[in-house]
Structure formats: structure tokens, C-alpha cells
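structure_0.txt (compact mmCIF, C-alpha atoms) appears below.
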```txt
# COMPACT_ATOMS: atom_id res chain seq x y z
CA MET A 74 -13.30 -6.37 -3.98
CA ILE A 75 -14.81 -5.59 -7.35
CA GLU A 76 -18.48 -5.13 -7.91
CA ASN A 77 -20.85 -8.00 -8.45
CA THR A 78 -20.69 -9.28 -12.03
CA THR A 79 -24.31 -8.44 -12.70
CA GLU A 80 -23.60 -4.80 -11.86
CA VAL A 81 -20.63 -4.27 -14.19
CA VAL A 82 -21.58 -6.40 -17.19
CA GLU A 83 -24.29 -5.47 -19.66
CA LEU A 84 -27.13 -7.95 -19.21
CA ARG A 85 -30.56 -8.10 -20.79
CA THR A 86 -32.00 -9.56 -17.59
CA VAL A 87 -30.36 -9.29 -14.18
CA PRO A 88 -30.96 -12.54 -12.26
CA VAL A 89 -32.47 -11.84 -8.85
CA GLN A 90 -33.69 -15.30 -7.90
CA GLN A 91 -31.34 -18.16 -7.06
CA ARG A 92 -32.71 -20.30 -9.88
CA SER A 93 -32.13 -17.57 -12.47
CA ASN A 94 -28.64 -16.88 -11.16
CA GLN A 95 -27.80 -20.58 -11.31
CA ARG A 96 -29.03 -20.72 -14.90
CA MET A 97 -26.70 -17.87 -15.81
CA GLN A 98 -23.81 -19.50 -13.96
CA ASN A 99 -24.43 -22.68 -15.95
CA LEU A 100 -24.05 -20.68 -19.16
CA LEU A 101 -20.75 -19.26 -17.89
CA ASP A 102 -19.60 -22.74 -16.87
CA ALA A 103 -20.39 -24.01 -20.35
CA ALA A 104 -18.45 -21.18 -21.99
CA ALA A 105 -15.51 -21.80 -19.65
CA GLY A 106 -15.46 -25.50 -20.53
CA ILE A 107 -15.50 -24.74 -24.25
CA ILE A 108 -12.63 -22.26 -23.90
CA ALA A 109 -10.58 -24.76 -21.88
CA THR A 110 -10.91 -27.52 -24.49
CA GLU A 111 -11.46 -25.77 -27.82
CA GLY A 112 -10.42 -22.15 -27.41
CA ILE A 113 -12.22 -18.82 -27.30
CA ASP A 114 -13.15 -18.82 -30.97
CA ALA A 115 -15.27 -21.94 -30.36
CA VAL A 116 -17.60 -20.05 -28.02
CA THR A 117 -20.83 -19.37 -29.91
CA THR A 118 -24.44 -19.15 -28.83
CA THR A 119 -25.02 -22.57 -30.35
CA SER A 120 -22.05 -24.25 -28.65
CA VAL A 121 -22.85 -22.71 -25.26
CA ALA A 122 -26.51 -23.67 -25.55
CA TYR A 123 -25.60 -27.26 -26.44
CA LYS A 124 -23.01 -27.69 -23.68
CA SER A 125 -25.24 -26.12 -21.03
CA GLY A 126 -28.28 -28.15 -22.07
CA SER A 127 -30.12 -24.92 -22.63
CA SER A 128 -31.24 -22.97 -25.69
CA VAL A 129 -30.01 -20.00 -27.67
CA GLY A 130 -33.07 -18.11 -26.49
CA VAL A 131 -32.04 -18.54 -22.85
CA ILE A 132 -28.59 -17.14 -23.64
CA TYR A 133 -30.10 -14.06 -25.23
CA ARG A 134 -32.39 -13.68 -22.23
CA TYR A 135 -29.32 -12.72 -20.21
CA PHE A 136 -26.63 -11.68 -22.69
CA PRO A 137 -27.09 -9.40 -25.72
CA ASN A 138 -24.11 -11.04 -27.46
CA ILE A 139 -21.19 -13.41 -26.96
CA ASP A 140 -18.89 -10.53 -26.04
CA SER A 141 -21.13 -9.76 -23.07
CA LEU A 142 -21.06 -13.40 -21.98
CA LEU A 143 -17.26 -13.52 -22.20
CA ARG A 144 -17.03 -10.26 -20.27
CA ALA A 145 -19.16 -11.75 -17.50
CA LEU A 146 -16.90 -14.81 -17.45
CA ALA A 147 -13.78 -12.61 -17.22
CA HIS A 148 -15.33 -10.74 -14.29
CA ARG A 149 -16.18 -14.03 -12.62
CA ASN A 150 -12.59 -15.17 -13.08
CA LEU A 151 -11.41 -12.01 -11.36
CA GLN A 152 -13.93 -12.35 -8.54
CA ARG A 153 -12.88 -15.94 -7.86
CA TYR A 154 -9.20 -15.03 -7.95
CA LEU A 155 -9.61 -12.08 -5.58
CA ALA A 156 -11.66 -14.25 -3.22
CA ARG A 157 -8.74 -16.67 -3.03
CA VAL A 158 -6.30 -13.82 -2.49
CA GLU A 159 -8.43 -12.34 0.28
CA GLU A 160 -8.76 -15.71 1.99
CA GLY A 161 -5.00 -16.27 1.77
CA SER A 162 -4.29 -12.79 3.09
CA ASP A 163 -6.46 -13.44 6.13
CA LYS A 164 -4.44 -16.58 6.91
CA SER A 165 -0.96 -15.16 6.24
CA PRO A 166 1.48 -14.05 8.98
CA SER A 167 1.64 -10.39 9.98
CA GLU A 168 5.05 -9.71 8.41
CA PRO A 169 4.93 -7.07 5.64
CA TRP A 170 3.99 -8.60 2.27
CA SER A 171 3.90 -12.12 3.72
CA SER A 172 0.68 -12.53 1.72
CA TRP A 173 2.51 -12.10 -1.61
CA ASP A 174 3.45 -15.80 -1.86
CA LEU A 175 -0.17 -16.83 -1.35
CA THR A 176 -1.32 -14.22 -3.88
CA LEU A 177 0.98 -15.69 -6.50
CA ASP A 178 0.11 -19.27 -5.55
CA SER A 179 -3.58 -18.45 -5.96
CA PHE A 180 -2.97 -17.21 -9.49
CA VAL A 181 -0.93 -20.29 -10.40
CA GLU A 182 -3.58 -22.62 -8.98
CA MET A 183 -6.33 -20.79 -10.88
CA CYS A 184 -4.35 -21.24 -14.12
CA ARG A 185 -4.03 -24.95 -13.41
CA SER A 186 -7.52 -25.75 -12.18
CA GLU A 187 -10.10 -23.09 -13.12
CA PRO A 188 -11.57 -23.78 -16.59
CA SER A 189 -10.84 -20.88 -18.97
CA PHE A 190 -8.62 -18.96 -16.55
CA ARG A 191 -5.36 -19.77 -18.30
CA GLN A 192 -6.82 -18.97 -21.72
CA LEU A 193 -9.18 -16.07 -20.95
CA GLY A 194 -7.96 -14.80 -17.62
CA PHE A 195 -9.40 -11.31 -17.16
CA GLY A 196 -10.02 -10.89 -20.88
CA ASP A 197 -6.61 -9.59 -21.96
CA ILE A 198 -6.50 -11.86 -24.98
CA ILE A 199 -9.63 -10.11 -26.28
CA ASN A 200 -9.02 -6.55 -25.11
CA ASP A 201 -6.63 -5.08 -22.52
CA ARG A 202 -9.61 -3.03 -21.27
CA PHE A 203 -12.07 -5.90 -21.21
CA LEU A 204 -13.04 -5.42 -17.55
CA ASP A 205 -13.43 -1.65 -17.74
CA ASN A 206 -13.66 0.53 -20.82
CA ASP A 207 -11.69 3.32 -19.16
CA VAL A 208 -8.66 1.55 -17.67
CA SER A 209 -6.59 -1.56 -18.35
CA ASN A 210 -7.44 -4.92 -16.83
CA ASN A 211 -4.20 -4.75 -14.82
CA THR A 212 -5.25 -1.39 -13.39
CA VAL A 213 -8.54 -2.95 -12.23
CA VAL A 214 -6.57 -5.73 -10.51
CA ALA A 215 -4.14 -3.24 -8.98
CA LYS A 216 -7.02 -1.17 -7.56
CA ALA A 217 -8.44 -4.30 -5.94
CA PHE A 218 -5.05 -5.24 -4.46
CA ALA A 219 -4.47 -1.71 -3.17
CA GLY A 220 -7.87 -1.76 -1.50
CA MET A 221 -7.05 -5.05 0.22
CA VAL A 222 -3.69 -3.74 1.47
CA SER A 223 -5.34 -0.57 2.74
CA GLU A 224 -8.06 -2.46 4.59
CA THR A 225 -5.76 -5.14 6.02
CA HIS A 226 -3.14 -2.73 7.36
CA SER A 227 -5.36 0.33 8.01
CA ILE A 228 -3.30 2.59 5.76
CA PRO A 229 -4.44 4.96 3.01
CA VAL A 230 -4.03 4.22 -0.67
CA THR A 231 -1.57 6.88 -1.78
CA ASP A 232 -0.47 7.64 -5.34
CA HIS A 233 2.95 6.25 -4.39
CA MET A 234 1.49 2.98 -3.14
CA PHE A 235 -0.79 2.54 -6.10
CA PHE A 236 1.94 3.28 -8.65
CA HIS A 237 4.15 0.53 -7.26
CA ILE A 238 1.33 -1.98 -6.81
CA GLU A 239 0.21 -1.38 -10.39
CA SER A 240 3.83 -1.75 -11.57
CA ALA A 241 4.05 -5.05 -9.70
CA VAL A 242 0.84 -6.27 -11.36
CA TRP A 243 2.21 -5.46 -14.81
CA MET A 244 5.44 -7.33 -14.01
CA GLY A 245 3.51 -10.30 -12.71
CA ASP A 246 1.23 -10.33 -15.73
CA SER A 247 4.20 -10.52 -18.08
CA LEU A 248 5.98 -13.27 -16.15
CA MET A 249 2.85 -15.37 -15.69
CA LYS A 250 1.99 -15.17 -19.37
CA ARG A 251 5.49 -16.46 -20.11
CA ALA A 252 5.21 -19.18 -17.48
CA PHE A 253 1.97 -20.55 -18.94
CA ARG A 254 2.64 -19.80 -22.60
CA SER A 255 3.25 -23.44 -23.55
CA ASP A 256 3.04 -25.32 -20.25
CA PRO A 257 -0.46 -25.82 -18.78
CA LEU A 258 1.14 -26.39 -15.37
CA GLY A 259 3.37 -23.33 -15.62
CA ASP A 260 7.13 -23.14 -16.00
CA GLU A 261 8.35 -23.09 -12.39
CA ARG A 262 11.43 -21.04 -13.32
CA PHE A 263 9.30 -18.06 -14.29
CA VAL A 264 6.88 -18.59 -11.40
CA GLU A 265 9.72 -18.50 -8.88
CA GLU A 266 11.34 -15.54 -10.62
CA ALA A 267 8.07 -13.65 -10.27
CA ARG A 268 7.92 -14.64 -6.60
CA ARG A 269 11.43 -13.31 -5.95
CA VAL A 270 11.50 -10.20 -8.12
CA ILE A 271 8.03 -8.87 -7.32
CA GLY A 272 8.25 -9.80 -3.64
CA ASP A 273 11.50 -7.84 -3.31
CA TYR A 274 10.04 -4.95 -5.31
CA LEU A 275 6.95 -4.63 -3.11
CA ARG A 276 8.88 -4.87 0.15
CA THR A 277 11.32 -2.21 -1.03
CA ASN A 278 8.86 0.28 -2.50
CA VAL A 279 5.67 -0.20 -0.50
CA PRO A 280 6.60 -0.42 3.18
CA ILE A 281 3.67 -1.48 5.32
CA PRO A 282 3.48 -1.87 9.09
CA SER A 283 3.85 -5.27 10.74
```
Encoded form using C-alpha cells:
Amino acid sequence: MIENTTEVVELRTVPVQQRSNQRMQNLLDAAAGIIATEGIDAVTTTSVAYKSGSSVGVIYRYFPNIDSLLRALAHRNLQRYLARVEEGSDKSPSEPWSSWDLTLDSFVEMCRSEPSFRQLGFGDIINDRFLDNDVSNNTVVAKAFAGMVSETHSIPVTDHMFFHIESAVWMGDSLMKRAFRSDPLGDERFVEEARRVIGDYLRTNVPIPS
């Protein structure tokens, strides 16, 4: 799992009390709602303050700029997605890569139901290194997936494993962007093609014990 958002995003003030954390989450919720209905360009300090029932001063208490706020939202999107993936993996059968279907289904459901996820995702539309200045967003996701596979099956993360998991993430990213390009519910043809192609690819190239 990735680090806590407050540890990887530049903040003016790190919330330590529940009330402060909830205030920051309300700001992120407001930004997510604006993105879902009006687009990323509509996210400003004024619009977020208005929608959250807060003030511009409160926004600047936590975030030095809008980019920092959007980065925190992208990290939250990733954390929520990985939490779903981890929960699905715990419930999946023991057959190798049986969790892949639930991993894909979690992504599709996030696109359909999580405000801002379809538009912002992990920040790719802004910068393909939005989550980490040193590596691509897909590499961050692949590292998280590799860690989950390693922990679940008690196997090491080798260069071979990581290469193929990262390749699968890049394939999935491309197909999911196409699936949701013009359909808010996702074009099922591309969703199912991702399920088939990437599932076969992972089972062939990353054998894991039952």
C-alpha cells in the first residue's frame, strides 16, 4: 500500500486531529465534486471554498496551491482504489491470478461511482508523474500491485515479475482510457478485452503458486 496522503503530498499544515483531517477531506470532496461536474479547469480556491462551505484561507492553511490539492486528491483516489483491490484479493479464490477480475472490476466501479476518478484518476491528465516526481503514475501503481502479490503469495518481487506487472498496468491504463473516453459507464467491449488480454498475459508471464 502507498504511504498516507499527508506524507507524500506537500502540505502547509499536516492534520493530526480528526477534526482537522475531516476539514481537509471536505476540501478534497469539494474538489472531486467540481471535477466530476465541471472539469479540472473549474477547480479554483474560490470554487472549492464555496462548495465546501469553507474559506480560501482554510484551503491555504493546508495546501500551498491548487496543484497540491489536486495531487492530494489523486493520491486519495489511488489509496481508495488499492483498498478495494486489497479487499477483493482477500476474498478471491486461491487459483493464480484469480484476483485479476476483482482488480479490474474495482477500477471500473471507481470510474462509475467515485467523483473525479474517471476524470482525474491518478493525475495522468495533468502529469504522467503526478504521484511521484521520479517515476510514472503507472509505475507507482505497479509497485503497489507487486507488493500485494508478494505479500499474498509469500514470493519475492523480482525484476522479471515487476517488469510484467508494470507492462500489464500500462496495457490496462490504455484500454481503460479507451473504455471510458466517451462513455461514463465504460464501453464493455474494451473492459472485457482488458479482462481477457491482461489476465492471459499475467498468468503466462508471472506464474504464482496456488
Using all atoms listed in the file, which protein or nucleic acid residues come within 12 Å of Leu101 in chain A? Drop anything in the same chain fewer than 3 positions from it, and give the result as a ChimeraX atom specification. /A:78,94-98,104-108,116,118,120-122,124-125,127,132,135-136,139,141-150,188-189
Between CA of Gly161 in chain A and CA of Arg251 in chain A, what is the distance in Å, rounded to a tenth?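 CA of Gly161 in chain A sits 24.3 Å away from CA of Arg251 in chain A.
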Identify, on the basis of only C-alpha atoms, every residue whose closest approach to Pro169 in chain A does not exceed 10 Å; exclude the query and any residue fewer than 4 positions from it along the same chain; express the result as a ChimeraX atom specification. /A:173,226,275-276,279-283
9 Å contact set for Asn210 in chain A, all atoms listed in the file, chain neighbours under 3 positions out, as a ChimeraX atom specification: /A:195-197,200-205,213-215
Keeping C-alpha atoms for every residue in the selection just given, could you write it to a file as a compact mmCIF listing (two decimals), in the coordinates of the input?
```
# COMPACT_ATOMS: atom_id res chain seq x y z
CA PHE A 195 -9.40 -11.31 -17.16
CA GLY A 196 -10.02 -10.89 -20.88
CA ASP A 197 -6.61 -9.59 -21.96
CA ASN A 200 -9.02 -6.55 -25.11
CA ASP A 201 -6.63 -5.08 -22.52
CA ARG A 202 -9.61 -3.03 -21.27
CA PHE A 203 -12.07 -5.90 -21.21
CA LEU A 204 -13.04 -5.42 -17.55
CA ASP A 205 -13.43 -1.65 -17.74
CA VAL A 213 -8.54 -2.95 -12.23
CA VAL A 214 -6.57 -5.73 -10.51
CA ALA A 215 -4.14 -3.24 -8.98
```
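In this comparison, which uses all atoms listed in the file, the residue of A:Ser223, A:Asn206, A:Gln152, A:Thr231 approaching Gly194 in chain A most closely is A:Gln152.
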What's around range 232-245 of chain A at 7 Å? Count all atoms listed in the file, leave out sequence neighbours fewer than 5 positions away in its own chain, and write the answer as JSON, numbers by chain. {"A": [211, 212, 215, 219, 267, 271, 278, 279]}
Atom pair CA of Leu258 in chain A + CA of Thr110 in chain A, distance 15.2 Å
Just want the 10 Å neighbourhood of Arg191 in chain A, counted on only C-alpha atoms, with same-chain residues fewer than 5 positions away dropped. Output as a ChimeraX atom specification. /A:108-109,180-186,249-250,253-254,257-259
With all atoms listed in the file as the basis for distance, which of A:Glu168, A:Asp273, A:Asp102, A:Glu159 is at the shortest distance from Glu187 in chain A?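 Smallest separation from Glu187 in chain A among the options: A:Asp102.
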Å distance separating CA of Leu100 in chain A from CA of Ile199 in chain A, one decimal place: 19.2 Å
Find, counting all atoms listed in the file, the residue in A:Arg134, A:Asp178, A:Ala103, A:Asp260 that gets nearest to Thr119 in chain A.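 Under the stated criterion, the closest residue is A:Ala103.
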